[in-house]
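Report on one structure; see the data block that follows.
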Amino acid sequence: MWWWSRPGVPPRAVTLRASCSSLPARCTGCRMPSWRVHGRYVRRLSDAPLGGAAVVIELTVRRFKCLNSACPAVTFAEQIPGLASPHARYTPLLRAALTSIALFLAGRPGARLAAALKIRVGKDTLLNLLRAIPDPPDQGVRVLGVDDFALLKGNTYATLLVDLEARRPLDVLPGRDADPLADWLRGHPEVAVICRDRAGAYAEGARSGAPQAQQVADAWHLWRNLAEAVEKTVGSHHPCIRTAFATPPVTEEPPVKSLVTAVPPVEAEPFEPPDGTLDVLGKPRRLVPRTTERYEAAQHRLAAGMSLSAIRRELRLDHSTVRRFARAQSLDELLVKAVNRASILDIHKPYLHQRWNEGCHDIPQLHRELREQGFTGDIQSVRRYFRPFKKPHSPRPKHPSAPQPKPRPAPKPRRVVRWIMTNPGHLSDADATELKEIRAACPHLDAVARHVRAFADMMRDLRGDQLPAWMDRVTQDELPALHSLVNGIRRDFDAVTAVLNSPWSSGQVEGHVCRVKLLKRIGFGRAKLDLLRQRILHSP
């Protein structure tokens with residue numbers, strides 16, 4: 001039966017009337033057949049849309065009397081396979097479609113899509129369908145990946161478990177503590193390998209819940225810890241780099257003066273990025289003496305035996321600031337981080353350097369060119385960047401041989417760290433030359449570069465047997481940051497050795513964590529952990 005709102009308008013709904021005439025029907029409790037019809041009633045089932053119109057099936061259902069006197073069910077209603085199920089308001093076809101919509105789009109976005117498909121459903125109904133999806137069958141796991149992700153960054157976290165052989169999520173545990181992981185592992189004694197990060201909670205949970213399993217630390221986190229130690233070392237030895245680059249490069253001797261002196265052509269002064277510690281007048285920036293004063297005050301109070309909380313209250317600083325001053329190996333490490341902060345101009349600086357050296361000193365013109373390349377900052381950011389290079393005019397020397405070569409700008413610590421952590425075969429000739437000069441000027445950084453290369457060779461060739469010798473060589477050099485890394489490796493020695501000997505890693509788990517972040521954002525913060533868990537486990 002078709003319903004029209006008025007002639008010429010597509011139908012709003014389609015109503016189909018159906019009934020079943022087959023006999024007998026089996027009792028839902030004892031499965032005994034029955035021919036005695038007790039009564040009839042009509043059920044309205046929503047079905048998938050047809051031709052842009054909603055479909056409603058009016059099903060006449062018979063109620064039978066159970067002939068088994070021992071059965072607790074006196075009467076029962078017949079169920080038509082593939083069309084009706086107890087207490088259902090949707091057909092299996094429509095229920096499967098709505099469950100898929102809820103799985104991909106969650107509540108409110110799913111309801112909007114269903115409305116566009118001519119399906120009337122509420123967001124809470126979709127969430128209930130999502131909760132009703134049964135968990136996938138437990139097929140056992142041999143290699144398990146463990147990692148955490150943030151539900152509310154800095155506040156609430158959860159733990160993701162992944163079957164690395166089947167490449168699928170297994171479960172989501174609340175929190176990132178040792179007890180939930182240990183309880184889950186006790187129910188899965190077949191686990192033989194556990195890939196995890198270097199967090200102590202996961203190490204303790206794996207040790208207590210699955211003592212038979214081999215723990216494998218994450219290679220990426222291990223390499224990141226090494227990079228952090230290298231960055232601290234480069235920051236503390238950055239004065240050596242500045243001293244090496246302050247020496248002008250060796251140039252050829254000027255030619256012998258002739259009797260007729262030619263007037264040299266006027267050329268634009270080369271662009272030389274500063275190290276960030278001086279202002280326009282060549283004096284130290286206000287940030288430098290302020291950081292120096294706070295560092296000395298914090299160190300003096302630490303030497304007197306004061307706690308970090310007491311220093312924070314007395315100096316009226318944030319606790320993280322006082323902790324950073326307390327952990328710094330030297331003042332130079334703090335100054336390097338303070339004056340080399342990230343800027344929105346960083347990706348455009350090579351182009352600005354080129355245009356400045358070409359003679360274009362017009363700031364508005366440079367800003368217009370950057371806007372054409374996608375730069376979103378204002379003109380003041382460009383003007384502030386070039387302000388240190390507009391120095392007071394000085395008389396130009398009369399002969400090309402008169403001026404002395406200027407010192408080269410020292411590379412920033414992040415760039416030096418990238419050179420050290422990169423495969424030497426992948427460095428450009430200019431970067432390799434500057435790194436070689438830095439290693440020649442500072443023996444500590446030369447030792448760091450050697451240790452990084454040796455560690456990279458161990459990771460590439462899976463030679464975990466060389467780790468103890470590498471740790472002994474590191475401890476023989478005066479490298480406090482690397483010594484802290486070695487102490488951490490000793491506390492987790494077996495797992496670190498395993499990652500240098502095993503092909504398994506947590507890289508696949510990190511990919512699943514990225515997918516979890518996408519699912520969490522699609523949910524608009526509406527779903528709690530139970531709904532997010534359903535989407536993680538059942539989303540393709």
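FYI, nothing fancy with the structure tokens labels: chains A, B, ... in order, residues from 1 per chain, ligands from 1 as they appear.
Shell of stretch 370-386 of chain A at 9 Å, with only C-alpha atoms counted and residues fewer than 4 places along the chain excluded, is Ile344, Leu345, His348, Tyr351, Leu352, His361, Ile363, Pro364, Gln365, Leu366 and Lys390 of chain A.
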Save the residues we just selected, N, CA and C atoms, as a tab-separated table (two decimals), in the first residue's frame?
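What follows is the written file part_32.tsv:
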```
chain	number	residue	atom	x	y	z
A	344	ILE	N	56.86	30.56	12.88
A	344	ILE	CA	56.11	30.28	11.65
A	344	ILE	C	56.92	30.67	10.43
A	345	LEU	N	58.02	31.37	10.62
A	345	LEU	CA	58.88	31.76	9.50
A	345	LEU	C	59.92	30.70	9.16
A	348	HIS	N	60.02	29.32	5.70
A	348	HIS	CA	60.20	30.33	4.66
A	348	HIS	C	61.56	31.01	4.74
A	351	TYR	N	63.99	30.93	1.62
A	351	TYR	CA	63.58	31.85	0.55
A	351	TYR	C	63.91	33.29	0.94
A	352	LEU	N	63.69	33.65	2.21
A	352	LEU	CA	64.02	35.01	2.65
A	352	LEU	C	65.52	35.28	2.56
A	361	HIS	N	65.62	44.27	-0.10
A	361	HIS	CA	65.54	44.61	1.31
A	361	HIS	C	64.22	45.30	1.63
A	363	ILE	N	60.81	45.19	3.00
A	363	ILE	CA	60.04	44.28	3.85
A	363	ILE	C	58.62	44.07	3.33
A	364	PRO	N	57.88	45.11	2.95
A	364	PRO	CA	56.53	44.85	2.39
A	364	PRO	C	56.54	43.96	1.16
A	365	GLN	N	57.55	44.15	0.29
A	365	GLN	CA	57.63	43.30	-0.90
A	365	GLN	C	57.89	41.84	-0.50
A	366	LEU	N	58.80	41.62	0.45
A	366	LEU	CA	59.06	40.26	0.90
A	366	LEU	C	57.82	39.63	1.55
A	390	LYS	N	69.57	45.23	10.00
A	390	LYS	CA	69.65	46.63	9.61
A	390	LYS	C	70.51	47.37	10.62
```
Would you pick out the contacts of stretch 127-142 of chain A at 7 Å or less, using only C-alpha atoms, so that residues sharing its chain but fewer than 2 positions from it are not included, and give the list as a ChimeraX atom specification? /A:99,102-103,106-107,123-125,144,163,190-193,531,534
Check stretch 9-132 of chain A with DSSP on the backbone and list each residue it calls alpha helix (DSSP H), as JSON, numbers by chain. {"A": [92, 93, 94, 95, 96, 97, 98, 99, 100, 101, 102, 103, 104, 105, 108, 109, 110, 111, 112, 113, 114, 115, 116, 123, 124, 125, 126, 127, 128, 129, 130, 131]}
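For the residues A:Leu532, A:Leu467, A:Ala70, A:Val288, ranking by smallest atom-to-atom distance to A:Ala495 using only C-alpha atoms places A:Leu467 first.
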Tell me, which residues of stretch 86-178 of chain A carry DSSP strand (DSSP E or B), written as a PyMOL selection string? chain A and resi 90+143-152+156-163+168-174
Quick one: everything within 8 Å of stretch 34-51 of chain A, counting only C-alpha atoms, minus sequence neighbours fewer than 2 positions away in the same chain. Send it as a PyMOL selection string. chain A and resi 14+23-27+32+53-67+75+84+88-91+93-94+117-119
With distances taken over only C-alpha atoms, the candidate from A:Leu170, A:Ala441, A:Leu83, A:Ala246 nearest A:His538 is A:Leu170
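Using only C-alpha atoms, the smallest distance between any of A:Arg313, A:Phe149, A:Glu165, A:Thr233 and A:Glu478 comes from A:Thr233.
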Using only C-alpha atoms, which residues sit within 9 Å of A:Leu479 once same-chain residues fewer than 3 positions away are excluded, as a tab-separated table (two decimals) with N, CA, C and O atoms, in the first residue's frame?
```tsv
chain	number	residue	atom	x	y	z
A	233	THR	N	73.10	16.93	25.27
A	233	THR	CA	74.56	17.06	25.16
A	233	THR	C	74.95	18.18	24.21
A	233	THR	O	75.85	18.97	24.50
A	444	HIS	N	83.75	16.02	22.82
A	444	HIS	CA	82.57	15.39	23.41
A	444	HIS	C	81.51	15.10	22.35
A	444	HIS	O	80.91	14.01	22.34
A	447	ALA	N	82.55	12.18	20.32
A	447	ALA	CA	82.26	10.91	20.99
A	447	ALA	C	80.77	10.57	20.89
A	447	ALA	O	80.40	9.41	20.69
A	448	VAL	N	79.91	11.58	21.01
A	448	VAL	CA	78.48	11.35	20.87
A	448	VAL	C	78.15	10.80	19.49
A	448	VAL	O	77.37	9.85	19.33
A	474	VAL	N	80.29	4.09	26.52
A	474	VAL	CA	79.62	5.35	26.81
A	474	VAL	C	79.99	5.84	28.21
A	474	VAL	O	80.23	7.04	28.42
A	475	THR	N	80.03	4.96	29.18
A	475	THR	CA	80.33	5.37	30.55
A	475	THR	C	81.77	5.86	30.71
A	475	THR	O	82.07	6.55	31.69
A	476	GLN	N	82.65	5.54	29.80
A	476	GLN	CA	84.04	5.99	29.89
A	476	GLN	C	84.20	7.44	29.45
A	476	GLN	O	85.24	8.04	29.71
A	482	LEU	N	74.04	10.89	28.27
A	482	LEU	CA	74.11	9.51	27.81
A	482	LEU	C	74.28	8.54	28.98
A	482	LEU	O	73.83	7.38	28.90
A	483	HIS	N	74.91	9.00	30.06
A	483	HIS	CA	75.01	8.14	31.24
A	483	HIS	C	73.62	7.87	31.82
A	483	HIS	O	73.33	6.74	32.27
A	484	SER	N	72.74	8.88	31.83
A	484	SER	CA	71.36	8.67	32.29
A	484	SER	C	70.64	7.67	31.40
A	484	SER	O	69.87	6.82	31.89
```
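Closest approach to A:Arg533 from the set A:Leu317, A:Leu173, A:Cys360, A:Ala430 is made by A:Leu173, with distances taken over only C-alpha atoms.
Atom CA of A:Lys520 lies 21.6 Å from atom CA of A:Pro180.
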